[in-house]
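Read the structure below first, then the notes.
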Amino acid sequence: MAATPPPVPLSGEEQAVMRAFGRLIQVLPRLLDADLERDQRMSLSEYTALRHLSETEDRRMRMSELAAACDMSLSGMTRLAGKLESLGYLKRIRCELDARGSNAVLTPAGLARLREAWPDHLASVRRHIFDHLEGMDLRRLATVLEAMTGSAGPACNSSSHDD
(Lines give C-alpha, C1' and ligand atoms only; values in the text may rest on other atoms or scores of the structure.)
Protein backbone atom coordinates (compact mmCIF):
# COMPACT_ATOMS: atom_id res chain seq x y z
CA MET A 1 0.00 0.00 0.00
CA ALA A 2 1.42 3.38 -1.00
CA ALA A 3 2.12 5.86 1.73
CA THR A 4 0.08 9.01 1.73
CA PRO A 5 2.27 12.08 1.40
CA PRO A 6 2.31 14.27 4.50
CA PRO A 7 0.08 17.35 4.39
CA VAL A 8 1.71 20.55 3.22
CA PRO A 9 1.76 23.10 6.06
CA LEU A 10 -0.11 26.32 5.48
CA SER A 11 1.87 29.41 4.58
CA GLY A 12 1.58 32.49 6.75
CA GLU A 13 -0.86 34.02 4.27
CA GLU A 14 -2.95 30.83 4.17
CA GLN A 15 -3.03 30.75 7.98
CA ALA A 16 -4.22 34.36 8.05
CA VAL A 17 -7.00 33.61 5.54
CA MET A 18 -8.09 30.50 7.43
CA ARG A 19 -8.24 32.36 10.73
CA ALA A 20 -10.08 35.32 9.19
CA PHE A 21 -12.66 32.95 7.65
CA GLY A 22 -13.08 31.20 10.99
CA ARG A 23 -13.72 34.50 12.73
CA LEU A 24 -16.09 35.64 9.97
CA ILE A 25 -18.12 32.44 10.23
CA GLN A 26 -18.54 32.99 13.97
CA VAL A 27 -18.97 36.76 14.14
CA LEU A 28 -20.92 37.78 11.03
CA PRO A 29 -24.17 35.97 11.91
CA ARG A 30 -24.04 37.49 15.41
CA LEU A 31 -23.55 41.00 13.96
CA LEU A 32 -26.45 40.64 11.52
CA ASP A 33 -28.63 39.14 14.26
CA ALA A 34 -27.78 41.93 16.71
CA ASP A 35 -28.66 44.60 14.14
CA LEU A 36 -32.02 42.97 13.37
CA GLU A 37 -32.80 42.52 17.06
CA ARG A 38 -31.93 46.15 17.78
CA ASP A 39 -33.66 47.69 14.77
CA GLN A 40 -36.61 45.36 14.26
CA ARG A 41 -36.96 43.20 17.38
CA MET A 42 -36.58 40.22 15.06
CA SER A 43 -33.95 37.49 15.08
CA LEU A 44 -31.92 36.59 12.03
CA SER A 45 -33.46 33.10 12.21
CA GLU A 46 -36.96 34.57 12.06
CA TYR A 47 -36.01 36.82 9.15
CA THR A 48 -34.35 33.95 7.30
CA ALA A 49 -37.35 31.65 7.69
CA LEU A 50 -39.74 34.34 6.44
CA ARG A 51 -37.40 35.14 3.54
CA HIS A 52 -37.17 31.52 2.42
CA LEU A 53 -40.96 31.20 2.51
CA SER A 54 -41.35 34.43 0.54
CA GLU A 55 -39.07 33.12 -2.21
CA THR A 56 -41.18 30.06 -3.01
CA GLU A 57 -43.84 30.24 -5.68
CA ASP A 58 -46.73 29.53 -3.33
CA ARG A 59 -45.02 30.87 -0.17
CA ARG A 60 -45.06 27.42 1.39
CA MET A 61 -42.43 24.84 2.28
CA ARG A 62 -42.38 21.53 4.07
CA MET A 63 -41.13 22.09 7.58
CA SER A 64 -38.17 19.76 6.96
CA GLU A 65 -37.20 21.70 3.81
CA LEU A 66 -37.50 25.02 5.63
CA ALA A 67 -35.33 23.69 8.46
CA ALA A 68 -32.68 22.58 5.97
CA ALA A 69 -32.82 25.91 4.10
CA CYS A 70 -32.31 27.75 7.39
CA ASP A 71 -29.59 25.33 8.53
CA MET A 72 -31.63 24.37 11.59
CA SER A 73 -32.71 21.08 13.13
CA LEU A 74 -36.33 20.11 12.59
CA SER A 75 -37.02 20.53 16.31
CA GLY A 76 -35.45 23.99 16.26
CA MET A 77 -37.55 24.92 13.23
CA THR A 78 -40.66 23.59 14.96
CA ARG A 79 -40.01 25.93 17.90
CA LEU A 80 -39.29 28.87 15.58
CA ALA A 81 -42.41 28.14 13.50
CA GLY A 82 -44.45 28.06 16.70
CA LYS A 83 -43.23 31.53 17.60
CA LEU A 84 -43.82 32.88 14.08
CA GLU A 85 -47.26 31.27 14.07
CA SER A 86 -48.14 32.90 17.40
CA LEU A 87 -47.18 36.26 15.87
CA GLY A 88 -49.41 35.55 12.87
CA TYR A 89 -46.50 35.44 10.39
CA LEU A 90 -46.96 31.87 9.26
CA LYS A 91 -49.36 29.01 9.67
CA ARG A 92 -48.66 25.32 9.71
CA ILE A 93 -50.90 23.02 7.74
CA ARG A 94 -50.85 19.29 7.11
CA CYS A 95 -49.05 18.25 3.96
CA GLU A 96 -51.56 17.14 1.35
CA LEU A 97 -49.22 14.47 -0.09
CA ASP A 98 -47.94 13.10 3.20
CA ALA A 99 -50.20 13.44 6.24
CA ARG A 100 -47.22 12.82 8.53
CA GLY A 101 -45.54 16.07 7.47
CA SER A 102 -46.61 19.67 7.67
CA ASN A 103 -46.03 22.76 5.61
CA ALA A 104 -45.18 26.24 6.79
CA VAL A 105 -47.16 28.86 4.89
CA LEU A 106 -46.24 32.54 4.93
CA THR A 107 -49.20 34.73 5.83
CA PRO A 108 -49.85 38.21 4.44
CA ALA A 109 -48.83 39.56 7.88
CA GLY A 110 -45.56 37.60 7.66
CA LEU A 111 -44.82 39.00 4.22
CA ALA A 112 -45.59 42.51 5.45
CA ARG A 113 -43.29 41.97 8.45
CA LEU A 114 -40.49 40.74 6.19
CA ARG A 115 -40.89 43.79 3.96
CA GLU A 116 -40.81 46.04 7.03
CA ALA A 117 -37.57 44.47 8.28
CA TRP A 118 -35.88 44.24 4.89
CA PRO A 119 -34.48 47.83 4.66
CA ASP A 120 -32.76 47.57 8.04
CA HIS A 121 -31.41 44.11 7.23
CA LEU A 122 -30.17 45.32 3.85
CA ALA A 123 -28.36 48.23 5.49
CA SER A 124 -26.74 45.79 7.94
CA VAL A 125 -25.65 43.44 5.15
CA ARG A 126 -24.19 46.34 3.18
CA ARG A 127 -22.35 47.71 6.25
CA HIS A 128 -20.95 44.37 7.46
CA ILE A 129 -20.24 42.75 4.08
CA PHE A 130 -20.40 44.75 0.89
CA ASP A 131 -18.81 47.95 2.16
CA HIS A 132 -15.67 45.82 2.63
CA LEU A 133 -15.77 44.29 -0.85
CA GLU A 134 -15.74 47.39 -3.02
CA GLY A 135 -13.86 46.83 -6.25
CA MET A 136 -13.87 43.04 -5.94
CA ASP A 137 -15.21 40.72 -8.61
CA LEU A 138 -18.36 39.68 -6.72
CA ARG A 139 -19.38 37.08 -9.30
CA ARG A 140 -16.00 35.36 -8.91
CA LEU A 141 -16.17 35.65 -5.12
CA ALA A 142 -19.63 34.05 -5.10
CA THR A 143 -18.35 31.22 -7.32
CA VAL A 144 -15.39 30.59 -5.00
CA LEU A 145 -17.54 30.66 -1.86
CA GLU A 146 -20.07 28.27 -3.44
CA ALA A 147 -17.23 25.93 -4.40
CA MET A 148 -16.05 25.92 -0.78
CA THR A 149 -19.49 24.81 0.43
CA GLY A 150 -20.39 22.64 -2.56
CA SER A 151 -20.54 19.39 -0.61
CA ALA A 152 -22.75 20.92 2.10
CA GLY A 153 -25.94 20.86 0.03
CA PRO A 154 -27.81 22.95 -2.50
CA ALA A 155 -26.95 26.62 -2.80
CA CYS A 156 -29.43 29.42 -2.47
CA ASN A 157 -29.38 30.91 -5.93
CA SER A 158 -32.37 33.18 -5.54
CA SER A 159 -31.95 36.65 -6.96
CA SER A 160 -35.44 37.75 -6.00
CA HIS A 161 -34.18 39.67 -2.97
CA ASP A 162 -31.23 41.97 -2.48
CA ASP A 163 -29.93 40.44 0.70
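By convention in this document, the chains of the C-alpha coordinates carry letters A, B, ... by their order, each chain's residues are numbered from 1, and ligands are numbered from 1 in the order they are shown.
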Can you list, as a PyMOL selection string, every protein, DNA or RNA residue that comes within 12 Å of segment 32-43 of chain A when you count only C-alpha atoms, leaving out same-chain residues fewer than 4 positions away? chain A and resi 24-28+47-50+80+83-84+87+89+110+113-129+163
Residues within 12 Å of segment 66-76 of chain A, only C-alpha atoms, excluding chain neighbours under 6 positions, as a PyMOL selection string: chain A and resi 44-56+59-60+82-83+92+101-106+152-157
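For segment 81-139 of chain A, backbone-based DSSP assignment of strand (DSSP E) covers Leu90, Lys91, Arg92, Ile93, Arg94, Ser102, Asn103, Ala104, Val105 and Leu106 of chain A.
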For the residues selected in the previous step, produce a file with all heavy atoms as a PDB file, in the first residue's frame.
ATOM      1  N   LEU A  90     -46.819  33.074  10.068  1.00  0.00           N
ATOM      2  CA  LEU A  90     -46.962  31.866   9.264  1.00  0.00           C
ATOM      3  C   LEU A  90     -48.011  30.990   9.904  1.00  0.00           C
ATOM      4  O   LEU A  90     -48.397  31.191  11.049  1.00  0.00           O
ATOM      5  CB  LEU A  90     -45.625  31.120   9.081  1.00  0.00           C
ATOM      6  CG  LEU A  90     -44.933  30.407  10.243  1.00  0.00           C
ATOM      7  CD1 LEU A  90     -45.588  29.069  10.597  1.00  0.00           C
ATOM      8  CD2 LEU A  90     -43.496  30.133   9.881  1.00  0.00           C
ATOM      9  N   LYS A  91     -48.482  30.040   9.119  1.00  0.00           N
ATOM     10  CA  LYS A  91     -49.362  29.011   9.669  1.00  0.00           C
ATOM     11  C   LYS A  91     -48.833  27.668   9.224  1.00  0.00           C
ATOM     12  O   LYS A  91     -48.183  27.557   8.175  1.00  0.00           O
ATOM     13  CB  LYS A  91     -50.818  29.228   9.274  1.00  0.00           C
ATOM     14  CG  LYS A  91     -51.084  29.331   7.825  1.00  0.00           C
ATOM     15  CD  LYS A  91     -52.548  29.655   7.567  1.00  0.00           C
ATOM     16  CE  LYS A  91     -52.731  29.759   6.055  1.00  0.00           C
ATOM     17  NZ  LYS A  91     -54.073  29.972   5.668  1.00  0.00           N
ATOM     18  N   ARG A  92     -49.078  26.678  10.050  1.00  0.00           N
ATOM     19  CA  ARG A  92     -48.656  25.323   9.714  1.00  0.00           C
ATOM     20  C   ARG A  92     -49.894  24.527   9.324  1.00  0.00           C
ATOM     21  O   ARG A  92     -50.902  24.568  10.038  1.00  0.00           O
ATOM     22  CB  ARG A  92     -47.940  24.667  10.890  1.00  0.00           C
ATOM     23  CG  ARG A  92     -46.567  25.269  11.109  1.00  0.00           C
ATOM     24  CD  ARG A  92     -45.856  24.652  12.268  1.00  0.00           C
ATOM     25  NE  ARG A  92     -46.383  25.220  13.506  1.00  0.00           N
ATOM     26  CZ  ARG A  92     -45.931  24.947  14.726  1.00  0.00           C
ATOM     27  NH1 ARG A  92     -44.934  24.099  14.879  1.00  0.00           N
ATOM     28  NH2 ARG A  92     -46.452  25.506  15.788  1.00  0.00           N
ATOM     29  N   ILE A  93     -49.787  23.844   8.213  1.00  0.00           N
ATOM     30  CA  ILE A  93     -50.900  23.019   7.740  1.00  0.00           C
ATOM     31  C   ILE A  93     -50.370  21.639   7.386  1.00  0.00           C
ATOM     32  O   ILE A  93     -49.198  21.484   7.049  1.00  0.00           O
ATOM     33  CB  ILE A  93     -51.621  23.653   6.529  1.00  0.00           C
ATOM     34  CG1 ILE A  93     -50.651  23.852   5.360  1.00  0.00           C
ATOM     35  CG2 ILE A  93     -52.278  24.968   6.908  1.00  0.00           C
ATOM     36  CD1 ILE A  93     -51.324  24.279   4.074  1.00  0.00           C
ATOM     37  N   ARG A  94     -51.237  20.648   7.470  1.00  0.00           N
ATOM     38  CA  ARG A  94     -50.854  19.285   7.112  1.00  0.00           C
ATOM     39  C   ARG A  94     -50.487  19.223   5.644  1.00  0.00           C
ATOM     40  O   ARG A  94     -51.121  19.847   4.804  1.00  0.00           O
ATOM     41  CB  ARG A  94     -52.008  18.312   7.366  1.00  0.00           C
ATOM     42  CG  ARG A  94     -52.184  17.956   8.789  1.00  0.00           C
ATOM     43  CD  ARG A  94     -51.297  16.737   9.109  1.00  0.00           C
ATOM     44  NE  ARG A  94     -51.176  16.633  10.546  1.00  0.00           N
ATOM     45  CZ  ARG A  94     -50.008  16.549  11.184  1.00  0.00           C
ATOM     46  NH1 ARG A  94     -48.896  16.565  10.523  1.00  0.00           N
ATOM     47  NH2 ARG A  94     -49.963  16.442  12.472  1.00  0.00           N
ATOM     48  N   SER A 102     -45.837  18.428   7.719  1.00  0.00           N
ATOM     49  CA  SER A 102     -46.608  19.665   7.671  1.00  0.00           C
ATOM     50  C   SER A 102     -45.844  20.705   6.868  1.00  0.00           C
ATOM     51  O   SER A 102     -44.626  20.613   6.705  1.00  0.00           O
ATOM     52  CB  SER A 102     -46.937  20.180   9.076  1.00  0.00           C
ATOM     53  OG  SER A 102     -45.764  20.437   9.802  1.00  0.00           O
ATOM     54  N   ASN A 103     -46.583  21.661   6.383  1.00  0.00           N
ATOM     55  CA  ASN A 103     -46.028  22.762   5.608  1.00  0.00           C
ATOM     56  C   ASN A 103     -46.107  24.033   6.430  1.00  0.00           C
ATOM     57  O   ASN A 103     -47.062  24.237   7.186  1.00  0.00           O
ATOM     58  CB  ASN A 103     -46.830  22.979   4.320  1.00  0.00           C
ATOM     59  CG  ASN A 103     -46.653  21.861   3.328  1.00  0.00           C
ATOM     60  OD1 ASN A 103     -45.569  21.328   3.191  1.00  0.00           O
ATOM     61  ND2 ASN A 103     -47.718  21.505   2.632  1.00  0.00           N
ATOM     62  N   ALA A 104     -45.136  24.883   6.245  1.00  0.00           N
ATOM     63  CA  ALA A 104     -45.179  26.237   6.790  1.00  0.00           C
ATOM     64  C   ALA A 104     -45.632  27.131   5.645  1.00  0.00           C
ATOM     65  O   ALA A 104     -45.108  27.039   4.540  1.00  0.00           O
ATOM     66  CB  ALA A 104     -43.808  26.663   7.282  1.00  0.00           C
ATOM     67  N   VAL A 105     -46.609  27.976   5.911  1.00  0.00           N
ATOM     68  CA  VAL A 105     -47.161  28.859   4.889  1.00  0.00           C
ATOM     69  C   VAL A 105     -47.025  30.293   5.389  1.00  0.00           C
ATOM     70  O   VAL A 105     -47.491  30.629   6.484  1.00  0.00           O
ATOM     71  CB  VAL A 105     -48.647  28.537   4.610  1.00  0.00           C
ATOM     72  CG1 VAL A 105     -49.203  29.463   3.539  1.00  0.00           C
ATOM     73  CG2 VAL A 105     -48.816  27.076   4.215  1.00  0.00           C
ATOM     74  N   LEU A 106     -46.404  31.133   4.584  1.00  0.00           N
ATOM     75  CA  LEU A 106     -46.242  32.544   4.927  1.00  0.00           C
ATOM     76  C   LEU A 106     -47.589  33.245   4.825  1.00  0.00           C
ATOM     77  O   LEU A 106     -48.288  33.119   3.821  1.00  0.00           O
ATOM     78  CB  LEU A 106     -45.234  33.193   3.967  1.00  0.00           C
ATOM     79  CG  LEU A 106     -44.850  34.645   4.229  1.00  0.00           C
ATOM     80  CD1 LEU A 106     -44.104  34.774   5.551  1.00  0.00           C
ATOM     81  CD2 LEU A 106     -43.984  35.155   3.083  1.00  0.00           C
TER      82      LEU A 106
END
